[in-house]
$ cat structure-v6.pdb   # PDB, C-alpha atoms (C1' of nucleotides)
ATOM      1  CA  MET P   1      86.025  28.178 -27.077  1.00  0.00           C
ATOM      2  CA  THR P   2      84.158  25.464 -25.319  1.00  0.00           C
ATOM      3  CA  ARG P   3      82.464  26.674 -22.183  1.00  0.00           C
ATOM      4  CA  ASP P   4      82.496  24.662 -18.991  1.00  0.00           C
ATOM      5  CA  LEU P   5      79.026  23.141 -19.024  1.00  0.00           C
ATOM      6  CA  SER P   6      79.436  21.567 -15.582  1.00  0.00           C
ATOM      7  CA  GLN P   7      78.237  24.828 -14.045  1.00  0.00           C
ATOM      8  CA  ALA P   8      75.139  25.004 -16.237  1.00  0.00           C
ATOM      9  CA  GLN P   9      71.725  24.622 -14.599  1.00  0.00           C
ATOM     10  CA  LEU P  10      69.136  22.098 -15.733  1.00  0.00           C
ATOM     11  CA  LEU P  11      65.917  23.859 -16.762  1.00  0.00           C
ATOM     12  CA  ARG P  12      63.026  22.837 -14.505  1.00  0.00           C
ATOM     13  CA  ARG P  13      59.498  21.932 -15.512  1.00  0.00           C
ATOM     14  CA  GLY P  14      58.169  25.356 -14.542  1.00  0.00           C
ATOM     15  CA  PHE P  15      60.264  26.827 -17.370  1.00  0.00           C
ATOM     16  CA  TYR P  16      58.179  24.906 -19.912  1.00  0.00           C
ATOM     17  CA  GLU P  17      54.801  25.407 -18.227  1.00  0.00           C
ATOM     18  CA  ARG P  18      54.274  28.701 -20.040  1.00  0.00           C
ATOM     19  CA  SER P  19      52.874  29.610 -23.441  1.00  0.00           C
ATOM     20  CA  PRO P  20      54.902  28.284 -26.414  1.00  0.00           C
ATOM     21  CA  GLU P  21      55.855  31.737 -27.709  1.00  0.00           C
ATOM     22  CA  ILE P  22      57.341  32.625 -24.295  1.00  0.00           C
ATOM     23  CA  VAL P  23      59.200  29.320 -24.047  1.00  0.00           C
ATOM     24  CA  ALA P  24      60.414  29.487 -27.668  1.00  0.00           C
ATOM     25  CA  ARG P  25      61.997  32.879 -27.068  1.00  0.00           C
ATOM     26  CA  ALA P  26      63.394  31.899 -23.666  1.00  0.00           C
ATOM     27  CA  LEU P  27      65.059  28.778 -25.108  1.00  0.00           C
ATOM     28  CA  LEU P  28      67.355  30.834 -27.364  1.00  0.00           C
ATOM     29  CA  GLY P  29      70.882  30.725 -25.944  1.00  0.00           C
ATOM     30  CA  LYS P  30      70.148  27.626 -23.853  1.00  0.00           C
ATOM     31  CA  ILE P  31      72.104  24.421 -24.420  1.00  0.00           C
ATOM     32  CA  LEU P  32      70.682  21.222 -25.860  1.00  0.00           C
ATOM     33  CA  VAL P  33      72.547  18.162 -24.535  1.00  0.00           C
ATOM     34  CA  HIS P  34      72.348  14.565 -25.740  1.00  0.00           C
ATOM     35  CA  ASP P  35      74.219  11.780 -23.928  1.00  0.00           C
ATOM     36  CA  ARG P  36      74.808   9.412 -26.808  1.00  0.00           C
ATOM     37  CA  ARG P  37      76.605   6.122 -26.135  1.00  0.00           C
ATOM     38  CA  GLY P  38      78.758   7.669 -23.426  1.00  0.00           C
ATOM     39  CA  GLU P  39      79.605  10.740 -25.467  1.00  0.00           C
ATOM     40  CA  ARG P  40      78.077  14.153 -24.906  1.00  0.00           C
ATOM     41  CA  LEU P  41      76.729  16.093 -27.859  1.00  0.00           C
ATOM     42  CA  ALA P  42      75.841  19.696 -27.100  1.00  0.00           C
ATOM     43  CA  GLY P  43      74.751  22.781 -28.988  1.00  0.00           C
ATOM     44  CA  ARG P  44      73.544  26.278 -28.173  1.00  0.00           C
ATOM     45  CA  ILE P  45      69.991  26.895 -29.380  1.00  0.00           C
ATOM     46  CA  THR P  46      69.829  29.647 -32.022  1.00  0.00           C
ATOM     47  CA  GLU P  47      66.446  29.190 -33.678  1.00  0.00           C
ATOM     48  CA  THR P  48      63.020  27.986 -32.500  1.00  0.00           C
ATOM     49  CA  GLU P  49      59.376  28.085 -33.541  1.00  0.00           C
ATOM     50  CA  ALA P  50      56.252  28.086 -31.359  1.00  0.00           C
ATOM     51  CA  TYR P  51      53.233  25.888 -32.106  1.00  0.00           C
ATOM     52  CA  LEU P  52      50.206  26.863 -30.096  1.00  0.00           C
ATOM     53  CA  GLY P  53      47.816  23.934 -30.275  1.00  0.00           C
ATOM     54  CA  LEU P  54      44.064  24.110 -30.773  1.00  0.00           C
ATOM     55  CA  GLY P  55      43.984  27.663 -32.133  1.00  0.00           C
ATOM     56  CA  ASP P  56      46.965  27.184 -34.456  1.00  0.00           C
ATOM     57  CA  ALA P  57      46.182  25.532 -37.810  1.00  0.00           C
ATOM     58  CA  ALA P  58      49.874  24.752 -38.368  1.00  0.00           C
ATOM     59  CA  SER P  59      50.172  22.771 -35.153  1.00  0.00           C
ATOM     60  CA  HIS P  60      49.855  18.993 -35.076  1.00  0.00           C
ATOM     61  CA  ALA P  61      47.604  19.467 -32.036  1.00  0.00           C
ATOM     62  CA  PHE P  62      45.126  21.525 -34.082  1.00  0.00           C
ATOM     63  CA  THR P  63      42.868  18.577 -34.983  1.00  0.00           C
ATOM     64  CA  GLY P  64      42.639  17.348 -31.399  1.00  0.00           C
ATOM     65  CA  LEU P  65      44.214  14.648 -29.283  1.00  0.00           C
ATOM     66  CA  SER P  66      45.507  11.508 -31.030  1.00  0.00           C
ATOM     67  CA  ALA P  67      48.241   8.933 -30.478  1.00  0.00           C
ATOM     68  CA  PHE P  68      50.424  10.937 -32.857  1.00  0.00           C
ATOM     69  CA  ASN P  69      50.355  14.197 -30.880  1.00  0.00           C
ATOM     70  CA  ALA P  70      49.631  12.970 -27.349  1.00  0.00           C
ATOM     71  CA  VAL P  71      52.916  14.381 -26.011  1.00  0.00           C
ATOM     72  CA  LEU P  72      51.854  17.927 -26.933  1.00  0.00           C
ATOM     73  CA  PHE P  73      48.731  17.503 -24.788  1.00  0.00           C
ATOM     74  CA  GLY P  74      50.668  16.020 -21.860  1.00  0.00           C
ATOM     75  CA  PRO P  75      52.827  17.650 -19.176  1.00  0.00           C
ATOM     76  CA  ALA P  76      55.411  20.273 -20.147  1.00  0.00           C
ATOM     77  CA  GLY P  77      59.048  19.397 -20.775  1.00  0.00           C
ATOM     78  CA  TYR P  78      58.667  16.188 -22.801  1.00  0.00           C
ATOM     79  CA  THR P  79      60.144  15.582 -26.252  1.00  0.00           C
ATOM     80  CA  ASP P  80      57.968  15.064 -29.315  1.00  0.00           C
ATOM     81  CA  VAL P  81      59.886  13.599 -32.271  1.00  0.00           C
ATOM     82  CA  PHE P  82      58.165  13.065 -35.601  1.00  0.00           C
ATOM     83  CA  LEU P  83      59.107  12.142 -39.145  1.00  0.00           C
ATOM     84  CA  ILE P  84      58.463  14.739 -41.832  1.00  0.00           C
ATOM     85  CA  TYR P  85      58.232  14.018 -45.566  1.00  0.00           C
ATOM     86  CA  GLY P  86      59.218  10.457 -44.722  1.00  0.00           C
ATOM     87  CA  VAL P  87      62.819  11.632 -44.583  1.00  0.00           C
ATOM     88  CA  HIS P  88      63.679  13.885 -41.654  1.00  0.00           C
ATOM     89  CA  TYR P  89      63.024  13.884 -37.935  1.00  0.00           C
ATOM     90  CA  CYS P  90      61.996  17.070 -36.108  1.00  0.00           C
ATOM     91  CA  LEU P  91      62.454  17.648 -32.373  1.00  0.00           C
ATOM     92  CA  ASN P  92      59.871  19.455 -30.221  1.00  0.00           C
ATOM     93  CA  VAL P  93      59.423  19.975 -26.521  1.00  0.00           C
ATOM     94  CA  SER P  94      55.935  20.189 -25.010  1.00  0.00           C
ATOM     95  CA  CYS P  95      54.766  23.350 -23.262  1.00  0.00           C
ATOM     96  CA  LEU P  96      51.900  24.353 -20.946  1.00  0.00           C
ATOM     97  CA  PRO P  97      50.555  22.204 -18.062  1.00  0.00           C
ATOM     98  CA  ASP P  98      49.052  18.737 -18.574  1.00  0.00           C
ATOM     99  CA  GLY P  99      45.934  18.862 -20.771  1.00  0.00           C
ATOM    100  CA  GLU P 100      46.801  22.078 -22.647  1.00  0.00           C
ATOM    101  CA  PRO P 101      48.441  21.446 -26.037  1.00  0.00           C
ATOM    102  CA  GLY P 102      51.473  23.401 -27.202  1.00  0.00           C
ATOM    103  CA  GLY P 103      55.088  22.929 -28.186  1.00  0.00           C
ATOM    104  CA  VAL P 104      58.325  24.433 -29.414  1.00  0.00           C
ATOM    105  CA  LEU P 105      60.192  23.171 -32.482  1.00  0.00           C
ATOM    106  CA  PHE P 106      64.008  23.282 -32.363  1.00  0.00           C
ATOM    107  CA  ARG P 107      65.165  24.586 -35.735  1.00  0.00           C
ATOM    108  CA  ALA P 108      68.889  25.188 -35.249  1.00  0.00           C
ATOM    109  CA  VAL P 109      71.765  25.120 -32.749  1.00  0.00           C
ATOM    110  CA  ASP P 110      75.446  26.115 -32.728  1.00  0.00           C
ATOM    111  CA  PRO P 111      77.518  22.957 -32.127  1.00  0.00           C
ATOM    112  CA  LEU P 112      79.556  23.049 -28.873  1.00  0.00           C
ATOM    113  CA  GLU P 113      80.634  19.486 -28.029  1.00  0.00           C
ATOM    114  CA  GLY P 114      80.894  16.276 -30.041  1.00  0.00           C
ATOM    115  CA  ILE P 115      81.307  18.119 -33.314  1.00  0.00           C
ATOM    116  CA  ALA P 116      83.270  15.265 -34.891  1.00  0.00           C
ATOM    117  CA  THR P 117      80.433  12.848 -34.096  1.00  0.00           C
ATOM    118  CA  MET P 118      77.825  15.274 -35.415  1.00  0.00           C
ATOM    119  CA  ALA P 119      79.748  15.590 -38.676  1.00  0.00           C
ATOM    120  CA  ARG P 120      80.011  11.816 -38.974  1.00  0.00           C
ATOM    121  CA  LEU P 121      76.272  11.349 -38.352  1.00  0.00           C
ATOM    122  CA  ARG P 122      75.582  13.985 -41.016  1.00  0.00           C
ATOM    123  CA  GLY P 123      78.022  12.373 -43.427  1.00  0.00           C
ATOM    124  CA  LEU P 124      80.139  15.528 -43.584  1.00  0.00           C
ATOM    125  CA  GLU P 125      83.735  16.565 -42.966  1.00  0.00           C
ATOM    126  CA  GLU P 126      84.636  17.675 -39.440  1.00  0.00           C
ATOM    127  CA  ASN P 127      85.266  21.248 -40.632  1.00  0.00           C
ATOM    128  CA  ALA P 128      81.746  21.546 -42.046  1.00  0.00           C
ATOM    129  CA  SER P 129      79.908  24.785 -41.245  1.00  0.00           C
ATOM    130  CA  ALA P 130      77.490  25.044 -38.323  1.00  0.00           C
ATOM    131  CA  LYS P 131      74.764  25.742 -40.834  1.00  0.00           C
ATOM    132  CA  SER P 132      75.310  22.511 -42.741  1.00  0.00           C
ATOM    133  CA  LEU P 133      75.756  20.515 -39.491  1.00  0.00           C
ATOM    134  CA  THR P 134      72.809  21.664 -37.389  1.00  0.00           C
ATOM    135  CA  GLY P 135      71.158  24.547 -39.312  1.00  0.00           C
ATOM    136  CA  GLY P 136      67.658  23.160 -39.764  1.00  0.00           C
ATOM    137  CA  PRO P 137      65.205  20.869 -37.953  1.00  0.00           C
ATOM    138  CA  GLY P 138      66.137  17.764 -39.940  1.00  0.00           C
ATOM    139  CA  ARG P 139      69.862  18.494 -39.864  1.00  0.00           C
ATOM    140  CA  LEU P 140      69.790  19.148 -36.124  1.00  0.00           C
ATOM    141  CA  SER P 141      68.065  15.832 -35.416  1.00  0.00           C
ATOM    142  CA  GLU P 142      70.413  13.916 -37.681  1.00  0.00           C
ATOM    143  CA  ALA P 143      73.542  15.512 -36.176  1.00  0.00           C
ATOM    144  CA  PHE P 144      72.352  14.641 -32.656  1.00  0.00           C
ATOM    145  CA  GLY P 145      71.323  11.123 -33.675  1.00  0.00           C
ATOM    146  CA  ILE P 146      67.715  11.748 -32.658  1.00  0.00           C
ATOM    147  CA  THR P 147      64.982   9.336 -33.808  1.00  0.00           C
ATOM    148  CA  ARG P 148      61.334   8.835 -32.857  1.00  0.00           C
ATOM    149  CA  ALA P 149      62.109   5.266 -31.770  1.00  0.00           C
ATOM    150  CA  LYS P 150      64.637   6.323 -29.112  1.00  0.00           C
ATOM    151  CA  HIS P 151      63.894   9.939 -28.261  1.00  0.00           C
ATOM    152  CA  HIS P 152      60.129  10.387 -28.319  1.00  0.00           C
ATOM    153  CA  GLY P 153      58.476  11.224 -24.982  1.00  0.00           C
ATOM    154  CA  ILE P 154      61.657  11.874 -22.974  1.00  0.00           C
ATOM    155  CA  ASP P 155      61.444  14.122 -19.912  1.00  0.00           C
ATOM    156  CA  VAL P 156      64.118  16.779 -20.513  1.00  0.00           C
ATOM    157  CA  THR P 157      63.871  18.088 -16.929  1.00  0.00           C
ATOM    158  CA  ARG P 158      65.366  14.926 -15.339  1.00  0.00           C
ATOM    159  CA  THR P 159      69.092  14.830 -14.587  1.00  0.00           C
ATOM    160  CA  ASP P 160      69.221  11.168 -15.703  1.00  0.00           C
ATOM    161  CA  SER P 161      67.548  11.752 -19.091  1.00  0.00           C
ATOM    162  CA  ILE P 162      69.708  11.334 -22.186  1.00  0.00           C
ATOM    163  CA  LEU P 163      68.217  14.560 -23.574  1.00  0.00           C
ATOM    164  CA  ARG P 164      68.346  17.703 -21.428  1.00  0.00           C
ATOM    165  CA  ILE P 165      68.357  21.464 -21.810  1.00  0.00           C
ATOM    166  CA  LEU P 166      70.778  23.524 -19.722  1.00  0.00           C
ATOM    167  CA  ASP P 167      71.154  27.209 -18.895  1.00  0.00           C
ATOM    168  CA  ASP P 168      74.742  28.429 -18.547  1.00  0.00           C
ATOM    169  CA  GLY P 169      73.719  32.087 -18.372  1.00  0.00           C
ATOM    170  CA  GLY P 170      74.295  32.672 -22.090  1.00  0.00           C
ATOM    171  CA  ARG P 171      71.713  35.004 -23.584  1.00  0.00           C
ATOM    172  CA  PRO P 172      71.362  36.312 -27.129  1.00  0.00           C
ATOM    173  CA  LYS P 173      71.995  40.056 -27.414  1.00  0.00           C
ATOM    174  CA  ARG P 174      69.050  40.494 -29.718  1.00  0.00           C
ATOM    175  CA  VAL P 175      66.215  38.256 -30.910  1.00  0.00           C
ATOM    176  CA  GLU P 176      64.491  38.551 -34.286  1.00  0.00           C
ATOM    177  CA  VAL P 177      60.860  37.458 -34.607  1.00  0.00           C
ATOM    178  CA  THR P 178      59.646  36.365 -38.043  1.00  0.00           C
ATOM    179  CA  ALA P 179      56.944  34.256 -39.645  1.00  0.00           C
ATOM    180  CA  ARG P 180      57.382  30.512 -39.425  1.00  0.00           C
ATOM    181  CA  ILE P 181      59.055  28.620 -42.242  1.00  0.00           C
ATOM    182  CA  GLY P 182      58.110  25.602 -44.294  1.00  0.00           C
ATOM    183  CA  ILE P 183      54.423  25.550 -43.415  1.00  0.00           C
ATOM    184  CA  ARG P 184      51.282  26.419 -45.412  1.00  0.00           C
ATOM    185  CA  LYS P 185      48.628  26.890 -42.746  1.00  0.00           C
ATOM    186  CA  ALA P 186      48.806  29.943 -40.492  1.00  0.00           C
ATOM    187  CA  ALA P 187      52.139  30.776 -42.138  1.00  0.00           C
ATOM    188  CA  ASP P 188      51.832  34.499 -41.461  1.00  0.00           C
ATOM    189  CA  GLN P 189      52.002  34.385 -37.664  1.00  0.00           C
ATOM    190  CA  PRO P 190      55.206  35.803 -36.104  1.00  0.00           C
ATOM    191  CA  LEU P 191      56.146  32.734 -34.077  1.00  0.00           C
ATOM    192  CA  ARG P 192      59.707  32.034 -35.248  1.00  0.00           C
ATOM    193  CA  PHE P 193      62.497  33.226 -32.961  1.00  0.00           C
ATOM    194  CA  VAL P 194      66.087  33.605 -34.174  1.00  0.00           C
ATOM    195  CA  VAL P 195      69.251  34.882 -32.497  1.00  0.00           C
ATOM    196  CA  ALA P 196      69.794  38.142 -34.373  1.00  0.00           C
ATOM    197  CA  ASP P 197      73.365  37.661 -35.630  1.00  0.00           C
ATOM    198  CA  LYS P 198      72.344  34.187 -36.803  1.00  0.00           C
ATOM    199  CA  LEU P 199      69.592  35.671 -38.904  1.00  0.00           C
ATOM    200  CA  ALA P 200      72.143  37.937 -40.560  1.00  0.00           C
ATOM    201  CA  THR P 201      74.343  34.990 -41.524  1.00  0.00           C
ATOM    202  CA  VAL P 202      71.339  33.059 -42.776  1.00  0.00           C
ATOM    203  CA  ARG P 203      70.282  35.992 -44.920  1.00  0.00           C
ATOM    204  CA  ALA P 204      73.780  36.485 -46.263  1.00  0.00           C
ATOM    205  CA  ARG P 205      74.145  32.709 -46.858  1.00  0.00           C
TER     206      ARG P 205
ATOM    207  C1'  DG S   1      74.288  32.132 -57.097  1.00  0.00           C
ATOM    208  C1'  DT S   2      69.503  30.611 -57.634  1.00  0.00           C
ATOM    209  C1'  DG S   3      65.487  27.721 -58.410  1.00  0.00           C
ATOM    210  C1'  DA S   4      62.933  23.496 -59.215  1.00  0.00           C
ATOM    211  C1'  DG S   5      61.987  18.856 -58.156  1.00  0.00           C
ATOM    212  C1'  DG S   6      62.414  14.369 -55.917  1.00  0.00           C
ATOM    213  C1'  DA S   7      62.868  11.323 -51.850  1.00  0.00           C
ATOM    214  C1'  DT S   8      59.841   8.532 -48.662  1.00  0.00           C
ATOM    215  C1'  DC S   9      56.516   7.142 -44.723  1.00  0.00           C
ATOM    216  C1'  DG S  10      53.463   7.990 -40.745  1.00  0.00           C
ATOM    217  C1'  DT S  11      49.146   9.951 -40.012  1.00  0.00           C
ATOM    218  C1'  DC S  12      44.676  11.525 -41.097  1.00  0.00           C
ATOM    219  C1'  DT S  13      40.412  11.728 -44.150  1.00  0.00           C
TER     220       DT S  13
ATOM    221  C1'  DG X   1      44.761   8.036 -51.090  1.00  0.00           C
ATOM    222  C1'  DA X   2      46.996  12.418 -50.205  1.00  0.00           C
ATOM    223  C1'  DC X   3      49.930  15.316 -47.867  1.00  0.00           C
ATOM    224  C1'  DG X   4      53.582  17.426 -44.871  1.00  0.00           C
ATOM    225  C1'  DA X   5      56.786  22.050 -39.083  1.00  0.00           C
ATOM    226  C1'  DT X   6      62.680  19.310 -44.876  1.00  0.00           C
ATOM    227  C1'  DC X   7      66.915  18.694 -47.221  1.00  0.00           C
ATOM    228  C1'  DC X   8      69.778  17.575 -51.108  1.00  0.00           C
ATOM    229  C1'  DT X   9      71.062  17.461 -55.905  1.00  0.00           C
ATOM    230  C1'  DC X  10      71.184  19.002 -60.303  1.00  0.00           C
ATOM    231  C1'  DA X  11      70.297  22.306 -63.956  1.00  0.00           C
ATOM    232  C1'  DC X  12      70.816  26.760 -65.612  1.00  0.00           C
ATOM    233  C1'  DA X  13      72.311  31.664 -65.646  1.00  0.00           C
TER     234       DA X  13
END
$ encode --input "structure-v6.pdb" --output "structure tokens"
Amino acid sequence: MTRDLSQAQLLRRGFYERSPEIVARALLGKILVHDRRGERLAGRITETEAYLGLGDAASHAFTGLSAFNAVLFGPAGYTDVFLIYGVHYCLNVSCLPDGEPGGVLFRAVDPLEGIATMARLRGLEENASAKSLTGGPGRLSEAFGITRAKHHGIDVTRTDSILRILDDGGRPKRVEVTARIGIRKAADQPLRFVVADKLATVRAR
DNA sequence: GTGAGGATCGTCT
DNA sequence: GACGATCCTCACA
């Protein structure tokens, strides 16, 4: 049941110029699009995490501005891609106006278009589950073919960007808020946002 | 079904 | 020189 994405609206910069926890929640149900070598890969966002910046020990921006985290301090609506554990890439988008650090980590999407390509990039069969395809920050980046070399610092609010986020009116019925995952510092803060029925399937495995 | 451990590299101290 | 916003594989029950 592929929706017609041609009617979907590109999210403008003002959408991202809010606090990360607001943006993280608002991004659920939106559509992440990657124009990759003439093919469109798309997925509906089902899980995000907010990283606040200077007051948040878990955030890369916590220790202050550096070349590594400069995107988080810059204008809202730019991608921040980084390598974790030397193995996986994670995709963020910057929040808050220029000069204020903050970002949202994309943790999972539901694949909509280009599923065969996603499966190939992940080294899986085409009938692989959504969870194994794009259910995790590293998996999501791999399925979309996202790397720091090609996708770091992209403006997702431009119609001619290869990475964009669209709103087709889809909204999650219910959103669960939990503690963030996979971090040690400030791990108790409720800054992870999950589409509720997704959480159920994750719990059930 | 569940848990432990290894891979691997950019960034910071 | 150490560590991390992760994922996969392999034991073991």
$ atom_distance --input "structure-v6.pdb" --atom1 "CA of His34 (chain P)" --atom2 "CA of Phe144 (chain P)"
6.9 Å
$ resolve_selection --input "structure-v6.pdb" --expression "the PyMOL selection byres ((chain P) within 7 of (chain X))" --output "ChimeraX atom specification"
/P:84-85,88,138,182-183
$ closest_atom_pairs --input "structure-v6.pdb" --of "chain S" --to "chain P" --cutoff "10 Å" --atoms "all atoms listed in the file" --output "Markdown table"
| residue | atom | partner | partner_atom | distance |
| --- | --- | --- | --- | --- |
| S:DA7 | C1' | P:Val87 | CA | 7.3 |
| S:DT8 | C1' | P:Gly86 | CA | 4.4 |
| S:DC9 | C1' | P:Gly86 | CA | 4.3 |
| S:DG10 | C1' | P:Leu83 | CA | 7.2 |
| S:DT11 | C1' | P:Phe68 | CA | 7.3 |
| S:DC12 | C1' | P:Thr63 | CA | 9.5 |
$ write_last_selection --input "structure-v6.pdb" --atoms "C-alpha atoms (C1' of nucleotides)" --output "CSV table (one decimal), keeping the file's coordinate frame"
chain,number,residue,atom,x,y,z
S,7,DA,C1',62.9,11.3,-51.8
S,8,DT,C1',59.8,8.5,-48.7
S,9,DC,C1',56.5,7.1,-44.7
S,10,DG,C1',53.5,8.0,-40.7
S,11,DT,C1',49.1,10.0,-40.0
S,12,DC,C1',44.7,11.5,-41.1
$ resolve_selection --input "structure-v6.pdb" --expression "the PyMOL selection byres ((chain P and resi 64) around 12)" --output "compact mmCIF listing (two decimals) with C-alpha atoms (C1' of nucleotides), in the coordinates of the input"
# COMPACT_ATOMS: atom_id res chain seq x y z
CA GLY P 53 47.82 23.93 -30.28
CA LEU P 54 44.06 24.11 -30.77
CA GLY P 55 43.98 27.66 -32.13
CA ASP P 56 46.96 27.18 -34.46
CA ALA P 57 46.18 25.53 -37.81
CA SER P 59 50.17 22.77 -35.15
CA HIS P 60 49.86 18.99 -35.08
CA ALA P 61 47.60 19.47 -32.04
CA PHE P 62 45.13 21.52 -34.08
CA THR P 63 42.87 18.58 -34.98
CA LEU P 65 44.21 14.65 -29.28
CA SER P 66 45.51 11.51 -31.03
CA ALA P 67 48.24 8.93 -30.48
CA PHE P 68 50.42 10.94 -32.86
CA ASN P 69 50.36 14.20 -30.88
CA ALA P 70 49.63 12.97 -27.35
CA VAL P 71 52.92 14.38 -26.01
CA LEU P 72 51.85 17.93 -26.93
CA PHE P 73 48.73 17.50 -24.79
CA GLY P 99 45.93 18.86 -20.77
CA GLU P 100 46.80 22.08 -22.65
CA PRO P 101 48.44 21.45 -26.04
CA GLY P 102 51.47 23.40 -27.20
C1' DC S 12 44.68 11.52 -41.10
$ residues_around --input "structure-v6.pdb" --residues "Gly29 (chain P)" --least-positions-apart "3" --cutoff "10 Å" --atoms "all atoms listed in the file" --output "list in words"
Arg25, Ala26, Leu32, Gly43, Arg44, Ile45, Thr46, Glu47, Val109, Asp110, Leu166, Asp167, Asp168, Gly169, Gly170, Arg171, Pro172, Lys173, Val194 and Val195 of chain P
$ residues_around --input "structure-v6.pdb" --residues "Arg37 (chain P)" --least-positions-apart "5" --cutoff "12 Å" --atoms "all atoms listed in the file" --output "compact mmCIF listing (two decimals) with C-alpha atoms, in the frame of the given file"
# COMPACT_ATOMS: atom_id res chain seq x y z
CA GLY P 114 80.89 16.28 -30.04
CA THR P 117 80.43 12.85 -34.10
CA PHE P 144 72.35 14.64 -32.66
CA GLY P 145 71.32 11.12 -33.67
CA ILE P 162 69.71 11.33 -22.19
$ resolve_selection --input "structure-v6.pdb" --expression "the PyMOL selection byres ((chain P and resi 14) around 10)" --output "PyMOL selection string"
chain P and resi 11-13+15-18+76-77+95-97+157
$ atom_distance --input "structure-v6.pdb" --atom1 "CA of Thr159 (chain P)" --atom2 "CA of Cys90 (chain P)"
22.8 Å
$ atom_distance --input "structure-v6.pdb" --atom1 "CA of Ser141 (chain P)" --atom2 "CA of Asn92 (chain P)"
10.4 Å
$ closest_residue --input "structure-v6.pdb" --among "P:Arg184, P:Leu105, P:Asp155, P:Asp160" --to "Pro75 (chain P)" --atoms "all atoms listed in the file"
P:Asp155
$ decode --input "structure-v6.pdb" --residues "chain X" --atoms "N, CA and C atoms (P, O5', C5', C4', C3', O3' and C1' of nucleotides)" --output "compact mmCIF listing (two decimals), in the first residue's frame"
# COMPACT_ATOMS: atom_id res chain seq x y z
P DG X 1 50.01 4.41 23.59
O5' DG X 1 48.58 4.79 24.20
C5' DG X 1 48.51 5.22 25.56
C4' DG X 1 47.06 5.30 25.95
C3' DG X 1 46.25 4.03 25.68
O3' DG X 1 45.37 3.83 26.78
C1' DG X 1 45.27 5.84 24.53
P DA X 2 44.52 2.47 26.92
O5' DA X 2 43.05 3.08 27.05
C5' DA X 2 42.87 4.28 27.79
C4' DA X 2 41.47 4.81 27.52
C3' DA X 2 40.41 3.70 27.41
O3' DA X 2 39.27 4.08 28.14
C1' DA X 2 40.42 5.04 25.44
P DC X 3 38.09 3.02 28.40
O5' DC X 3 36.89 3.76 27.66
C5' DC X 3 36.84 5.18 27.68
C4' DC X 3 35.90 5.65 26.59
C3' DC X 3 34.71 4.70 26.37
O3' DC X 3 33.55 5.49 26.21
C1' DC X 3 35.81 5.07 24.34
P DG X 4 32.14 4.96 26.78
O5' DG X 4 31.20 5.42 25.57
C5' DG X 4 31.25 6.75 25.10
C4' DG X 4 30.73 6.78 23.67
C3' DG X 4 29.48 5.91 23.46
O3' DG X 4 28.57 6.57 22.61
C1' DG X 4 31.20 5.24 21.99
P DA X 5 27.46 7.47 23.29
O5' DA X 5 26.20 7.11 22.39
C5' DA X 5 25.23 6.22 22.89
C4' DA X 5 24.09 6.16 21.90
C3' DA X 5 24.47 5.63 20.52
O3' DA X 5 23.35 5.00 19.93
C1' DA X 5 23.74 7.81 20.29
P DT X 6 23.25 3.36 20.18
O5' DT X 6 24.25 2.79 19.10
C5' DT X 6 24.09 3.09 17.71
C4' DT X 6 24.31 1.85 16.87
C3' DT X 6 23.19 0.81 16.98
O3' DT X 6 22.72 0.52 15.69
C1' DT X 6 25.32 -0.21 17.30
P DC X 7 21.48 -0.48 15.45
O5' DC X 7 22.20 -1.82 14.97
C5' DC X 7 23.06 -1.75 13.84
C4' DC X 7 23.82 -3.04 13.69
C3' DC X 7 22.94 -4.29 13.62
O3' DC X 7 23.29 -5.01 12.46
C1' DC X 7 24.68 -4.57 15.20
P DC X 8 22.40 -6.24 11.95
O5' DC X 8 23.42 -7.46 12.08
C5' DC X 8 24.75 -7.29 11.64
C4' DC X 8 25.60 -8.41 12.21
C3' DC X 8 24.91 -9.77 12.13
O3' DC X 8 25.74 -10.66 11.43
C1' DC X 8 25.71 -9.34 14.35
P DT X 9 25.21 -12.14 11.06
O5' DT X 9 26.09 -13.05 12.02
C5' DT X 9 27.41 -12.66 12.32
C4' DT X 9 27.97 -13.52 13.42
C3' DT X 9 27.44 -14.96 13.42
O3' DT X 9 28.53 -15.86 13.59
C1' DT X 9 27.08 -13.96 15.54
P DC X 10 28.31 -17.45 13.36
O5' DC X 10 28.68 -18.00 14.80
C5' DC X 10 29.67 -17.31 15.57
C4' DC X 10 29.50 -17.66 17.04
C3' DC X 10 29.07 -19.12 17.28
O3' DC X 10 29.83 -19.66 18.34
C1' DC X 10 27.57 -17.65 18.35
P DA X 11 30.12 -21.26 18.31
O5' DA X 11 30.11 -21.60 19.86
C5' DA X 11 28.90 -21.75 20.48
C4' DA X 11 28.91 -21.17 21.87
C3' DA X 11 28.31 -22.15 22.86
O3' DA X 11 28.97 -22.07 24.12
C1' DA X 11 26.89 -20.22 22.58
P DC X 12 28.91 -23.36 25.05
O5' DC X 12 27.52 -23.19 25.82
C5' DC X 12 27.30 -22.01 26.58
C4' DC X 12 25.82 -21.88 26.91
C3' DC X 12 25.16 -23.20 27.35
O3' DC X 12 24.53 -23.00 28.60
C1' DC X 12 23.83 -22.07 25.76
P DA X 13 23.97 -24.31 29.43
O5' DA X 13 22.41 -23.96 29.55
C5' DA X 13 22.01 -22.66 29.97
C4' DA X 13 20.53 -22.46 29.72
C3' DA X 13 19.66 -23.63 30.18
O3' DA X 13 18.48 -23.14 30.79
C1' DA X 13 19.30 -23.20 27.88
